[in-house]
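Here's the structure we're looking at; comments come further down.
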Amino acid sequence: MRGTLLVAARELSERRTILIAALVAGCLPFASPFLPGVRSDQVAEARDAMALTLAAAFGLGAALLLGAAAVGRDLAEGRLGFDFSRPLPGVAIWSGRLLGALAVTLVVLTLVVLPASLAGGGIFSAPLAHLIRPGSLAVLGALLFLLPLAHVVSIAFRSRSAWLGADMIAASLLVVVLGIAARRLYAVFAFNDLVWGLLVVGIVSIPVLWAASAIQVAGGRTDLRRGHRLQSLALWSALFALALCFEGYTRWVVTAAPDDLTGALASPAGRGTWAFVSGSARGRGDFEAAFLVDTASNRFVRIGSLRGLVGWQSLAFSGDGRRVAWLRISGPQDARTDTFFADLDLVQPAPREARISFSDPWVEMAISEDGKRMAALSDGLLSVYELDSGKVLGSAKMAPPEKGRRPSLLFAGEDVVRVVVFQPLFEIHEYRISTRRLERTGQASSVYDVPWVSWDRQHDRLLVREFGGGRRIELLDARSAATLASLPASEPSTKRQGHRFLADGRIAFVESGGGAARLRVLRASGDEGSSIDLGRVGEELWLGGEAAPGKLVLAHGPRAVDAERASTAVLLVDIQTGQVREVARGLFPILAFYPWGGAAQAPEPGGAAAGLFQAGAAVVYMDPVQGVRRVVAGREAPGSAR
Amino acid sequence: MSREDVPVVVEHLGVRYGSHVALDDVSLRVPRGAVYALLGRNGAGKSSLVRCLLGQQKPNTGRASLLGLDAWSERASAMARTGVVPEDPDAPPGMTVPRIAAFCARLYRSWDVPGVEARLERFDVPRDVPFGRLSKGQKGLVSLALALGHAPELLILDDPTLGLDAVARKALFEELVGDLADRGTSVLLTTHDLAGVEGIADRVGILREGRLVVDEEMETLKQRHAESASALEEIFLAVTGEGAGGGR
């Protein structure tokens with residue numbers, strides 16, 4: 001320690017000229033009133049800004065110059081032997097010289113800034129003063145990084161050995177490894193992870209640089225080439241280890257599994273066992289993982305990041321549940337939207353890129369019953385594609401509304417794409433692929449306030465639910481938009497909560513009031529059917545799917561949007577017999593999340609749509625009829641549900 | 001004799017720079033109180049040997065020890081008891097001699113302030129001129145004054161008279177002889193100044209192309225070459241193959 005201090009003190013004493021220059025530079029900001037363009041009321045700010053600029057320039061310049069000269073220059077010019085022929089340990093020589101250089105740099109910074117900061121009235125005492133401390137830390141970090149960096153670069157160039165070539169190759173490889181790793185996070189929109197990851201790499205590389213410089217001095221002594229070799233070995237092995245750690249971290253981030261999700265959310269297929277699942281993953285920062293998960297086997301397919309998807313509605317399962325297609329933004333800086341699809345009936349489904357892209361990021365899409373065709377409305381053009389080949393089967397101009405809800409698309413058979421236009425009027429259009437004709441087939445007699453639609457399985461009727469105004473629910477003809485029936489309006493003492501087409505075409509909805517609730521089932525025509533008393537239930541009711549034909553799941557609990565969903569109770573209602581029994585607690589039917597009913601078409605009984613439940617931060621599959629229950633994504637908190 | 005009794009021990013030392021062999025299996029010893037003159041032509045390996053002895057260069061093979069301490073791993077301890085005069089005086093160029101002396105004084109347990117002052121006085125070294133602006137001769141004399149400042153048990157001088165004029169060379173050798181007479185310091189010096197060293201060296205080593213081809217007492221060497229050469233220079237020329245007699 002004594003040796004270190006003696007050498008450092010000598011360094012300070014030797015760099016007197018720089019300190020004097022810094023002192024002079026510290027006085028220069030007081031000449032700022034004479035600079036052109038500085039108003040009289042800006043003098044203090046201009047002075048402080050000039051002082052900070054000069055300090056940054058002097059400080060960083062001094063760090064680079066002194067870092068390069070503190071050891072490298074004396075070593076190259078044969079003067080390091082003076083220290084090594086004294087009773088000074090090699091580490092003391094290194095630390096004394098480098099810490100001396102660091103001390104000179106800090107003194108230089110202080111000398112440049114101090115006069116202006118003492119004068120007061122400018123930036124240092126203004127509202128921006130709170131930036132001084134983080135700014136100072138950033139400058140200190142930069143100095144700690146640049147000083148040893150200048151040292152190792154200086155040694156590499158001064159030694160003129162073949163190791164310089166190795167350094168160049170290693171540096172290039174390092175950039176490539178870091179670039180690949182960084183690109184991986186960038187591609188999945190995990191920007192916080194990327195910034196923090198690179199920041200950690202930068203911070204950890206500071207002690208690596210200092211250690212490499214120490215090894216160079218203490219191990220190489222006055223032998224420049226040996227020192228360079230030792231420095232390179234130490235530096236690159238440590239930096240590559242660091243880069244590989246970063247590479248491993250990025251791989252770990254993007255290979256999150258559904259089990260790792262915290263706050264998992266799911267969107268199930270209407271038929272079959274697959275669901276789209278996404279959410280933040282444990283320890284993965286802002287990466288929002290997205291998966292396709294088979295709820296029957298827990299097999300899953302990674303499909304990147306939720307942020308990369310254009311939106312949840314830009315992922316569509318085919319009516320038969322055997323194919324899924326989704327739209328993904330090609331990159332954070334690229335507005336192109338690409339189409340992907342996966343065949344879910346394969347042993348190991350994998351994402352495939354379709355040769356279908358859109359320049360406009362906003363695309364409304366639907367896929368056909370068998371998943372072979374995709375309809376997309378983008379940039380004023382309705383087009384139908386063959387998914388496997390990307391071939392355009394037909395297209396027609398269809399300008400989207402200038403504002404408000406965008407149209408909704410649905411295949412009605414293989415040949416017809418039905419488009420529901422919400423604004424300015426509720427209209428239905430049909431595009432026939434075989435004739436390549438687009439025509440308006442109907443217009444609703446009513447104007448709906450914030451409408452959402454859901455379809456029956458045969459695509460010949462639809463339910464329109466109004467989220468504003470009178471909150472009506474009407475049954476319409478899916479082609480002509482003619483009103484077939486209006487669901488009974490809520491009475492003043494009751495509240496309608498959830499509605500759904502059943503698989504057999506009937507319509508179910510629940511209403512509650514005064515602590516009691518009823519499940520009402522209408523015939524396919526919309527006429528009154530049966531009514532089942534649910535007994536005393538919670539304030540809110542949520543309608544799930546059919547666990548089996550005619551056996552409907554619903555949940556009740558204290559509040560509509562409640563973080564404490566553990567207090568919900570799940571009921572299984574037999575529509576035929578009117579029997580109601582509680583089958584679980586702490587679960588929330590996933591279908592009830594979606595204002596339009598959770599699926600574009602009435603979901604198949606017993607599939608993923610009916611069986612998926614939110615259980616706190618986890619998603620579970622439960623079939624109360626078969627007595628099956630398993631976690632699909634996330635981890636269920638112990639005791640949170642039963 | 002233990003290693004401690006032999007201030008300099010070099011055993012099978014080898015140094016290579018790529019394919020070039022600078023030192024090849026060199027072994028030598030400098031007894032306590034002896035003055036060992038290591039001679040050789042430019043590039044013979046003298047400086048490499050000195051750097052290994054000073055712990056500034058790690059040999060490829062063999063080892064060197066100073067005062068019983070390993071020259072590489074115990075360098076700092078060895079340097080506490082060793083004075084060094086390098087081939088190129090290497091003190092910080094921006095510092096004046098008194099400041100350099102003050103810096104050195106803090107590094108050693110004992111420092112002979114009056115002695116260093118007296119030597120600098122005798123050498124007529126200006127006090128207020130930065131070291132970098134002194135003449136080559138003055139720098140060499142300052143280096144010697146600093147090397148003797150802590151009364152070292154061993155003195156290693158790497159061609160200390162290189163580039164010195166006759167006056168400076170005379171001053172340096174006189175100081176050296178004086179110190180030897182006073183304290184009996186062991187000395188290893190490399191030099192091209194064969195005439196200068198002839199009067200003070202007890203033992204002579206001659207390096208040729210990295211190999212130690214001569215390592216014996218000065219008197220023995222002279223006697224062995226009495227028929228063909230009388231002066232050390234003539235013997236050196238004969239041994240290194242530059243003279244009429246060729247190598248040993």
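Identifiers in this document derive from the order of the structure tokens: chains are assigned A, B, ..., residues are numbered from 1 separately in each chain, and ligands are numbered from 1 in order of occurrence.
Residues of region 16-76 of chain B that DSSP, applied to the backbone, places in strand (DSSP E or B): B:Arg16, B:Tyr17, B:His20, B:Val21, B:Ala22, B:Leu23, B:Asp24, B:Asp25, B:Val26, B:Ser27, B:Leu28, B:Arg29, B:Val30, B:Val35, B:Tyr36, B:Ala37, B:Leu38, B:Leu39, B:Gly40, B:Thr61, B:Gly62, B:Arg63, B:Ala64, B:Ser65, B:Leu66, B:Leu69, B:Asp70.
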Using only C-alpha atoms, tabulate the residues of chain B lying at most 10 Å from any atom of chain A, each with its closest atom pair and that distance in Å to one decimal, by chain and increasing residue number, as JSON lines.
```
{"residue": "B:Tyr17", "atom": "CA", "partner": "A:Arg225", "partner_atom": "CA", "distance": 9.9}
{"residue": "B:Arg51", "atom": "CA", "partner": "A:Thr222", "partner_atom": "CA", "distance": 8.6}
{"residue": "B:Leu54", "atom": "CA", "partner": "A:Ser85", "partner_atom": "CA", "distance": 6.7}
{"residue": "B:Gly55", "atom": "CA", "partner": "A:Phe84", "partner_atom": "CA", "distance": 8.0}
{"residue": "B:Gln56", "atom": "CA", "partner": "A:Thr222", "partner_atom": "CA", "distance": 5.5}
{"residue": "B:Gln57", "atom": "CA", "partner": "A:Asp223", "partner_atom": "CA", "distance": 6.0}
{"residue": "B:Lys58", "atom": "CA", "partner": "A:Gly220", "partner_atom": "CA", "distance": 8.4}
{"residue": "B:Trp72", "atom": "CA", "partner": "A:Gly219", "partner_atom": "CA", "distance": 9.9}
{"residue": "B:Glu74", "atom": "CA", "partner": "A:Pro89", "partner_atom": "CA", "distance": 9.1}
{"residue": "B:Arg75", "atom": "CA", "partner": "A:Pro87", "partner_atom": "CA", "distance": 7.5}
{"residue": "B:Ala76", "atom": "CA", "partner": "A:Pro87", "partner_atom": "CA", "distance": 4.2}
{"residue": "B:Ser77", "atom": "CA", "partner": "A:Pro87", "partner_atom": "CA", "distance": 6.0}
{"residue": "B:Ala78", "atom": "CA", "partner": "A:Pro87", "partner_atom": "CA", "distance": 7.3}
{"residue": "B:Met79", "atom": "CA", "partner": "A:Pro87", "partner_atom": "CA", "distance": 4.9}
{"residue": "B:Ala80", "atom": "CA", "partner": "A:Pro87", "partner_atom": "CA", "distance": 4.8}
{"residue": "B:Arg81", "atom": "CA", "partner": "A:Pro87", "partner_atom": "CA", "distance": 8.4}
{"residue": "B:Thr82", "atom": "CA", "partner": "A:Ser85", "partner_atom": "CA", "distance": 8.3}
{"residue": "B:Gly83", "atom": "CA", "partner": "A:Ser85", "partner_atom": "CA", "distance": 7.8}
{"residue": "B:Val84", "atom": "CA", "partner": "A:Ser85", "partner_atom": "CA", "distance": 6.4}
{"residue": "B:Val85", "atom": "CA", "partner": "A:Ser85", "partner_atom": "CA", "distance": 8.9}
{"residue": "B:Pro86", "atom": "CA", "partner": "A:Gly81", "partner_atom": "CA", "distance": 8.0}
{"residue": "B:Asp88", "atom": "CA", "partner": "A:Gly78", "partner_atom": "CA", "distance": 7.8}
{"residue": "B:Pro89", "atom": "CA", "partner": "A:Arg79", "partner_atom": "CA", "distance": 7.9}
{"residue": "B:Asp90", "atom": "CA", "partner": "A:Arg79", "partner_atom": "CA", "distance": 4.5}
{"residue": "B:Ala91", "atom": "CA", "partner": "A:Phe82", "partner_atom": "CA", "distance": 5.7}
{"residue": "B:Pro92", "atom": "CA", "partner": "A:Arg79", "partner_atom": "CA", "distance": 7.3}
{"residue": "B:Pro93", "atom": "CA", "partner": "A:Arg79", "partner_atom": "CA", "distance": 9.0}
{"residue": "B:Gly94", "atom": "CA", "partner": "A:Glu14", "partner_atom": "CA", "distance": 6.3}
{"residue": "B:Met95", "atom": "CA", "partner": "A:Glu14", "partner_atom": "CA", "distance": 6.9}
{"residue": "B:Arg99", "atom": "CA", "partner": "A:Arg10", "partner_atom": "CA", "distance": 9.2}
{"residue": "B:Ile100", "atom": "CA", "partner": "A:Arg10", "partner_atom": "CA", "distance": 9.1}
{"residue": "B:Phe103", "atom": "CA", "partner": "A:Leu6", "partner_atom": "CA", "distance": 7.4}
{"residue": "B:Cys104", "atom": "CA", "partner": "A:Arg86", "partner_atom": "CA", "distance": 8.0}
{"residue": "B:Arg106", "atom": "CA", "partner": "A:Leu6", "partner_atom": "CA", "distance": 8.0}
{"residue": "B:Leu107", "atom": "CA", "partner": "A:Pro87", "partner_atom": "CA", "distance": 6.7}
{"residue": "B:Tyr108", "atom": "CA", "partner": "A:Pro87", "partner_atom": "CA", "distance": 7.3}
{"residue": "B:Ser143", "atom": "CA", "partner": "A:Phe82", "partner_atom": "CA", "distance": 9.5}
{"residue": "B:Ala147", "atom": "CA", "partner": "A:Ser85", "partner_atom": "CA", "distance": 9.4}
```
Would you give me, as JSON, numbers by chain, the residues in region 12-209 of chain B that DSSP reads as alpha helix (DSSP H)?
{"B": [46, 47, 48, 49, 50, 51, 52, 53, 75, 76, 77, 78, 79, 97, 98, 99, 100, 101, 102, 103, 104, 105, 113, 114, 115, 116, 117, 118, 119, 120, 121, 122, 123, 136, 137, 138, 139, 140, 141, 142, 143, 144, 145, 146, 147, 148, 166, 167, 168, 169, 170, 171, 172, 173, 174, 175, 176, 177, 178, 179, 180, 181, 182, 183, 194, 195, 196, 197, 198]}
Residues near Val464 (chain A), cut-off 6 Å, only C-alpha atoms, skip fewer than 5 positions along chain, as a CSV table (one decimal) with N, CA, C and O atoms, in the first residue's frame:
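File part-v9.csv, as written:
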```
chain,number,residue,atom,x,y,z
A,452,TRP,N,-69.9,-5.5,-29.9
A,452,TRP,CA,-69.0,-6.6,-30.1
A,452,TRP,C,-69.9,-7.8,-30.6
A,452,TRP,O,-71.1,-7.9,-30.2
A,453,VAL,N,-69.3,-8.6,-31.5
A,453,VAL,CA,-70.2,-9.7,-32.0
A,453,VAL,C,-69.6,-11.0,-31.7
A,453,VAL,O,-68.4,-11.2,-31.6
A,473,ILE,N,-78.5,-6.7,-26.1
A,473,ILE,CA,-77.9,-7.9,-26.8
A,473,ILE,C,-79.0,-8.3,-27.8
A,473,ILE,O,-80.1,-8.6,-27.4
A,474,GLU,N,-78.6,-8.4,-29.1
A,474,GLU,CA,-79.6,-8.7,-30.1
A,474,GLU,C,-79.0,-9.9,-31.0
A,474,GLU,O,-77.8,-10.0,-31.2
```
For region 209-222 of chain B, please output as a PyMOL selection string all residues within 8 Å (counting only C-alpha atoms; exclusion window: fewer than 3 positions along the same chain).
chain B and resi 21-28+43-45+201-206+225-226+229-232+235+239+248
Using only C-alpha atoms, which residues sit within 12 Å of Leu189 (chain B) once same-chain residues fewer than 6 positions away are excluded, as a PyMOL selection string?
chain B and resi 8+30+34-40+46-47+49-50+53+83-87+154-162+173+176+196-198+200-206
Near Arg536 (chain A), counting only C-alpha atoms, which residues have an atom at most 9 Å away, once you skip same-chain residues fewer than 3 positions from it, shown as a count of residues only?
5
